[in-house]
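The structure appears right after this line, and notes come after that.
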Amino acid sequence: MTLGEQLAQYLASGLVVGGAYALIGLGFVIVYSVTRIINFAQGEFVMLGALGMVTGTGLGLGPLPAFVLVVAAVAALAAALERVAVHPLRRAPALAVLILTIGASIALRGGALVVWGTDPFALAPFSAGPPVALLGALVVRQAFWVVAVAALVFALLWFFFTRTYAGTAVRACAVNPRAARLMGIRVDGMSLLAFALSGALGATAGAVIAPITYATYDMGLMLGLKGFVAAVLGGLVSPPGAIAGGILLGVLEAFAAGLVSSGYKDAVAFVILIALCLVQVAGWLPWRVPVEEG
Amino acid sequence: MSARERWVLLLAVGLAAAVVPWTVRSTYVLSALVFVALNGIAALALSLVMGFAGQVSLGQAAFYAIGAYVSGVLTASYGWNPWVAMAVAVAAGALTAFLVGLPIFRLSGLLLAMATLGFGIILYYVLVNWASVTGGPSGLTGIPPLAIGGVQLDSDRRMAWLAWGALLLVLGLAGNLVDSRVGRALRAIHGSEPAAEAAGVDTARYKLGVFAVAGGVTALAGALYAHYLKFINPSPFGFAFSIELVVMVVLGGVASLWGAVLGAALVVGLVEALRALLPLLTVSHGAAEYEIVVFGLLLMAFMIFLPGGLSALGRRAA
């Protein structure tokens, strides 16, 4: 393989994983914008999406019905989490809620362990066939599904946030919850909607990425943390920022793994996270990452 | 708790810690006692950060690992005296915490939580990949036990005395710190940062200071761990242990030093109880893995129903 082909290969795999990070990061952004909560359990929605697909297709469902069912179920679970656990703590300090969502994340991971065990599951790609050669890179067919689904979701979200009443109401809550309430928007309901949406986004990411990465009960932690880094990279309150951040992170990770050392691949995201913190303290960041209590 | 009551309590627990290891025969119980003390020291350090400076560190396992690896490598690979190596390990933990906190404490809250999380995970990968020094995933062997005047502290019983002695020493010092001018400043920060600033408290400096102290104390626990087990590998120092420490602090009550020790005892006890109980309830999978479900649910239940932790229960009853 020539260097050019290698670079094309890294770029392709980075873009695909980056698409998943972007979906996960969007979940963080939507929840954080509306509720100022960093939902640590976001990664577990991804895991549930992946393992849910394994079970759904195992029961004989086609990929599409299984996908719809799983995304709906995880969205409902995320909404239930908001009602049962997050909502009662809505006036608690930000760090208390962070610890709560850490608890939820551990409980969900443990629950998945009870249901699915520790073995990794392989999931059949949505469409069978050999990898496709594209500009010197060999790309598995599932990669096109990841990119296509991510693009479709981004378009739907854009439509929702800019062209529908509910989406505008969500944005209003993000800008100023008190003013939104004075305008007759039910802020509580928006928090529920934000969690349901983030659950659906996470499950979508898990479902499309599972045929590439395998599905295990503990995959959610790393994917969730990386989605979070993607969101912070994009400013934490900006959906387009999270998409760009996710893709950038995926590509950087793929290049670091290929050109530097694959042992440190998973550390890349956290180096970026710390670098972002430092750069922000120095005031060099053109945007402000609003990760402060407030 | 008044200063007098505190010393009485310390003395009572000290006496118990001196007597109990004599009477216990089972090495299993003795080793559980050692782990309660080691985790108690680390949880105490974290409770200083969480309860008195109002910050969450999600990477505290990193400082435990620094303590274990600095002391382990210096003694096993370079033949240093364990006590000297341990002192260097504590200094390394404090210095690392200082350097990590230096840029970050100017901002508050969630950013610190995330930066410490990132730091903890990066350090874990360094331990796994830097095999020439750390021994990589297979670990580092040949760490010598500590010795006092020719007496090797190589049994579970002797180590239980040392670990509880260290815990009580740290408890006493931390109690003094909390009751001092510094402690009042920290509690003011926890109460309201802007108000503390307005009252002339240099909040960033105090938070950084307490974070550095906590880093050093946690490294002490890690170093004791290394000389107790005489073998270390990266896997106990991962993100899961950082979370376990948070669970201990939350269970005990974030703003209570004894609460942190109580939380450590509870978590160690709970893990052992679950390992004994779960094989009776289920047949499939590794029973040890189920403990994480219980931790998760406990963490949620405490945040919702008892945010002050178990020590708040006592206060309410009193």
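Just so we're on the same page: first chain in the structure tokens is A, next is B, and so on; residues restart at 1 for each chain, and ligands are numbered from 1 in the order they show up.
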Inset, instruction - Extract the full set of alpha helix (DSSP H) residues from range 68-200 of chain B according to DSSP on the backbone, and format it as a ChimeraX atom specification. - result: /B:68-76,82-104,110-129,131-134,156-179,181-191,193-198
Inset, instruction - Please provide as a ChimeraX atom specification all residues within 7 Å of range 12-18 of chain A, with the sequence filter that same-chain residues fewer than 2 positions apart are discarded (counting only C-alpha atoms). - result: /A:8-10,20-22,143,146-147,246-251,253-254
Any chance you could export the current selection's N, CA and C atoms as a short mmCIF file (atom, residue, chain, number, x, y, z; two decimals), in the first residue's frame?
data_model
loop_
_atom_site.label_atom_id
_atom_site.label_comp_id
_atom_site.auth_asym_id
_atom_site.auth_seq_id
_atom_site.Cartn_x
_atom_site.Cartn_y
_atom_site.Cartn_z
N ALA A 8 -5.56 7.73 2.69
CA ALA A 8 -6.96 7.67 2.28
C ALA A 8 -7.73 6.70 3.18
N GLN A 9 -7.06 5.59 3.53
CA GLN A 9 -7.69 4.60 4.39
C GLN A 9 -7.97 5.18 5.78
N TYR A 10 -6.97 5.87 6.34
CA TYR A 10 -7.17 6.48 7.66
C TYR A 10 -8.31 7.50 7.61
N ALA A 20 -20.21 8.66 13.89
CA ALA A 20 -20.83 8.14 15.11
C ALA A 20 -20.57 9.09 16.29
N TYR A 21 -19.33 9.57 16.43
CA TYR A 21 -19.03 10.52 17.50
C TYR A 21 -19.92 11.76 17.40
N ALA A 22 -20.15 12.20 16.16
CA ALA A 22 -20.97 13.39 15.97
C ALA A 22 -22.40 13.15 16.46
N ALA A 143 -19.93 1.26 6.29
CA ALA A 143 -19.46 2.63 6.45
C ALA A 143 -20.38 3.61 5.73
N VAL A 146 -23.35 4.21 7.83
CA VAL A 146 -23.08 5.13 8.95
C VAL A 146 -23.17 6.57 8.46
N VAL A 147 -22.45 6.85 7.35
CA VAL A 147 -22.42 8.23 6.85
C VAL A 147 -23.81 8.67 6.39
N GLY A 246 -17.09 16.01 16.12
CA GLY A 246 -17.10 14.55 16.05
C GLY A 246 -16.26 14.06 14.87
N ILE A 247 -16.46 14.70 13.71
CA ILE A 247 -15.74 14.26 12.52
C ILE A 247 -14.25 14.54 12.68
N LEU A 248 -13.92 15.72 13.22
CA LEU A 248 -12.51 16.08 13.45
C LEU A 248 -11.86 15.07 14.40
N LEU A 249 -12.58 14.74 15.48
CA LEU A 249 -12.02 13.80 16.46
C LEU A 249 -11.79 12.43 15.83
N GLY A 250 -12.78 11.96 15.06
CA GLY A 250 -12.65 10.65 14.41
C GLY A 250 -11.43 10.61 13.50
N VAL A 251 -11.25 11.67 12.71
CA VAL A 251 -10.14 11.70 11.75
C VAL A 251 -8.80 11.79 12.49
N GLU A 253 -8.11 10.79 15.45
CA GLU A 253 -7.86 9.52 16.11
C GLU A 253 -7.32 8.48 15.12
N ALA A 254 -7.94 8.44 13.93
CA ALA A 254 -7.52 7.46 12.94
C ALA A 254 -6.08 7.74 12.50
#
Write down, as a PDB file with N, CA and C atoms, in the first residue's frame, each residue of chain B that has any atom within 7 Å of an atom of chain A, counting only C-alpha atoms.
ATOM      1  N   PRO B 103      -3.747  25.098  35.723  1.00  0.00           N
ATOM      2  CA  PRO B 103      -4.500  25.853  34.723  1.00  0.00           C
ATOM      3  C   PRO B 103      -6.007  25.736  34.900  1.00  0.00           C
ATOM      4  N   ILE B 104      -6.460  24.648  35.534  1.00  0.00           N
ATOM      5  CA  ILE B 104      -7.877  24.323  35.455  1.00  0.00           C
ATOM      6  C   ILE B 104      -8.705  24.987  36.540  1.00  0.00           C
ATOM      7  N   SER B 108     -14.324  26.697  36.877  1.00  0.00           N
ATOM      8  CA  SER B 108     -14.830  25.904  37.990  1.00  0.00           C
ATOM      9  C   SER B 108     -15.639  24.716  37.519  1.00  0.00           C
ATOM     10  N   GLY B 109     -16.018  23.924  38.478  1.00  0.00           N
ATOM     11  CA  GLY B 109     -17.074  22.932  38.319  1.00  0.00           C
ATOM     12  C   GLY B 109     -16.793  21.844  37.308  1.00  0.00           C
ATOM     13  N   LEU B 110     -17.697  21.755  36.328  1.00  0.00           N
ATOM     14  CA  LEU B 110     -17.684  20.610  35.440  1.00  0.00           C
ATOM     15  C   LEU B 110     -16.380  20.482  34.672  1.00  0.00           C
ATOM     16  N   LEU B 111     -15.741  21.613  34.390  1.00  0.00           N
ATOM     17  CA  LEU B 111     -14.509  21.548  33.614  1.00  0.00           C
ATOM     18  C   LEU B 111     -13.445  20.757  34.357  1.00  0.00           C
ATOM     19  N   ALA B 115     -11.614  17.457  33.068  1.00  0.00           N
ATOM     20  CA  ALA B 115     -10.168  17.456  32.862  1.00  0.00           C
ATOM     21  C   ALA B 115      -9.512  16.353  33.690  1.00  0.00           C
ATOM     22  N   GLY B 118     -10.139  13.105  31.976  1.00  0.00           N
ATOM     23  CA  GLY B 118      -9.231  12.932  30.851  1.00  0.00           C
ATOM     24  C   GLY B 118      -7.840  12.563  31.321  1.00  0.00           C
ATOM     25  N   ILE B 121      -7.598   8.908  32.423  1.00  0.00           N
ATOM     26  CA  ILE B 121      -7.609   7.927  31.336  1.00  0.00           C
ATOM     27  C   ILE B 121      -6.284   7.955  30.577  1.00  0.00           C
ATOM     28  N   ILE B 122      -5.728   9.143  30.370  1.00  0.00           N
ATOM     29  CA  ILE B 122      -4.433   9.235  29.674  1.00  0.00           C
ATOM     30  C   ILE B 122      -3.363   8.513  30.486  1.00  0.00           C
ATOM     31  N   TYR B 125      -3.462   4.837  30.022  1.00  0.00           N
ATOM     32  CA  TYR B 125      -2.854   4.365  28.772  1.00  0.00           C
ATOM     33  C   TYR B 125      -1.334   4.434  28.834  1.00  0.00           C
ATOM     34  N   ASN B 129       1.082   1.307  28.134  1.00  0.00           N
ATOM     35  CA  ASN B 129       1.946   1.327  26.942  1.00  0.00           C
ATOM     36  C   ASN B 129       3.425   1.557  27.232  1.00  0.00           C
ATOM     37  N   HIS B 285     -22.686 -15.915  34.113  1.00  0.00           N
ATOM     38  CA  HIS B 285     -21.735 -14.797  34.147  1.00  0.00           C
ATOM     39  C   HIS B 285     -20.922 -14.745  35.438  1.00  0.00           C
ATOM     40  N   TYR B 290     -21.440  -8.189  38.810  1.00  0.00           N
ATOM     41  CA  TYR B 290     -22.756  -7.644  39.111  1.00  0.00           C
ATOM     42  C   TYR B 290     -22.699  -6.466  40.074  1.00  0.00           C
ATOM     43  N   ILE B 292     -21.375  -3.773  39.882  1.00  0.00           N
ATOM     44  CA  ILE B 292     -21.515  -2.446  39.297  1.00  0.00           C
ATOM     45  C   ILE B 292     -22.981  -2.023  39.184  1.00  0.00           C
ATOM     46  N   VAL B 293     -23.896  -2.973  39.003  1.00  0.00           N
ATOM     47  CA  VAL B 293     -25.321  -2.599  38.966  1.00  0.00           C
ATOM     48  C   VAL B 293     -25.708  -1.985  40.301  1.00  0.00           C
ATOM     49  N   GLY B 296     -24.279   1.464  40.847  1.00  0.00           N
ATOM     50  CA  GLY B 296     -24.984   2.466  40.051  1.00  0.00           C
ATOM     51  C   GLY B 296     -26.298   2.854  40.697  1.00  0.00           C
ATOM     52  N   LEU B 297     -27.075   1.836  41.103  1.00  0.00           N
ATOM     53  CA  LEU B 297     -28.378   2.123  41.701  1.00  0.00           C
ATOM     54  C   LEU B 297     -28.224   2.844  43.038  1.00  0.00           C
ATOM     55  N   LEU B 299     -25.760   4.798  43.919  1.00  0.00           N
ATOM     56  CA  LEU B 299     -25.345   6.176  43.638  1.00  0.00           C
ATOM     57  C   LEU B 299     -26.556   7.030  43.290  1.00  0.00           C
ATOM     58  N   MET B 300     -27.435   6.492  42.425  1.00  0.00           N
ATOM     59  CA  MET B 300     -28.632   7.248  42.042  1.00  0.00           C
ATOM     60  C   MET B 300     -29.544   7.457  43.248  1.00  0.00           C
ATOM     61  N   MET B 303     -28.217  10.127  45.576  1.00  0.00           N
ATOM     62  CA  MET B 303     -28.319  11.494  45.063  1.00  0.00           C
ATOM     63  C   MET B 303     -29.764  11.981  45.136  1.00  0.00           C
ATOM     64  N   ILE B 304     -30.726  11.072  44.921  1.00  0.00           N
ATOM     65  CA  ILE B 304     -32.126  11.495  44.912  1.00  0.00           C
ATOM     66  C   ILE B 304     -32.678  11.614  46.342  1.00  0.00           C
TER      67      ILE B 304
END
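Of all the residues in range 59-260 of chain A, the ones DSSP labels as strand (DSSP E) from the backbone are Val132, Ala133, Leu134, Ala137, Leu138 and Val139 of chain A.
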Surrounding residues of range 183-187 of chain A excluding itself and chain neighbours under 4 positions, 7 Å, only C-alpha atoms, as a PDB file with N, CA and C atoms, in the first residue's frame:
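In the end it all went to out00.pdb:
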ATOM      1  N   ALA A 169     -39.133  25.863  20.294  1.00  0.00           N
ATOM      2  CA  ALA A 169     -39.335  25.950  21.742  1.00  0.00           C
ATOM      3  C   ALA A 169     -38.120  25.397  22.479  1.00  0.00           C
ATOM      4  N   CYS A 173     -35.657  27.464  25.127  1.00  0.00           N
ATOM      5  CA  CYS A 173     -35.270  27.036  26.467  1.00  0.00           C
ATOM      6  C   CYS A 173     -33.757  27.069  26.627  1.00  0.00           C
ATOM      7  N   PRO A 177     -34.156  29.929  29.752  1.00  0.00           N
ATOM      8  CA  PRO A 177     -35.277  29.141  30.255  1.00  0.00           C
ATOM      9  C   PRO A 177     -36.383  30.015  30.868  1.00  0.00           C
ATOM     10  N   ALA A 179     -37.209  33.215  30.263  1.00  0.00           N
ATOM     11  CA  ALA A 179     -37.963  33.916  29.228  1.00  0.00           C
ATOM     12  C   ALA A 179     -38.857  32.926  28.475  1.00  0.00           C
ATOM     13  N   SER A 191     -37.168  19.444  28.777  1.00  0.00           N
ATOM     14  CA  SER A 191     -36.092  18.618  29.314  1.00  0.00           C
ATOM     15  C   SER A 191     -36.355  17.155  28.987  1.00  0.00           C
TER      16      SER A 191
END
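Of the residues under consideration (B:Tyr228, B:Gly222, B:Gly172, B:Val19), B:Tyr228 shows the shortest atom-to-atom contact distance to Ala147 in chain B when counting only C-alpha atoms.
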Legend entry - Arg181 in chain B surroundings by only C-alpha atoms, 12 Å radius, close-in-sequence under 6 positions cut, as a ChimeraX atom specification: /B:187-188,201,206
Requested write-out: N, CA and C atoms of the selected residues, as a PDB file, in the first residue's frame:
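Output contents, as saved in out31.pdb:
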ATOM      1  N   ARG B 187     -14.822  25.779  53.215  1.00  0.00           N
ATOM      2  CA  ARG B 187     -16.270  25.607  53.350  1.00  0.00           C
ATOM      3  C   ARG B 187     -17.014  26.813  52.783  1.00  0.00           C
ATOM      4  N   ALA B 188     -16.402  27.983  52.926  1.00  0.00           N
ATOM      5  CA  ALA B 188     -17.019  29.173  52.336  1.00  0.00           C
ATOM      6  C   ALA B 188     -17.098  29.017  50.820  1.00  0.00           C
ATOM      7  N   VAL B 201     -11.464  35.635  50.039  1.00  0.00           N
ATOM      8  CA  VAL B 201     -10.816  34.329  49.938  1.00  0.00           C
ATOM      9  C   VAL B 201     -10.316  34.145  48.510  1.00  0.00           C
ATOM     10  N   TYR B 206      -6.948  28.319  47.076  1.00  0.00           N
ATOM     11  CA  TYR B 206      -7.352  27.316  48.062  1.00  0.00           C
ATOM     12  C   TYR B 206      -7.754  26.012  47.393  1.00  0.00           C
TER      13      TYR B 206
END
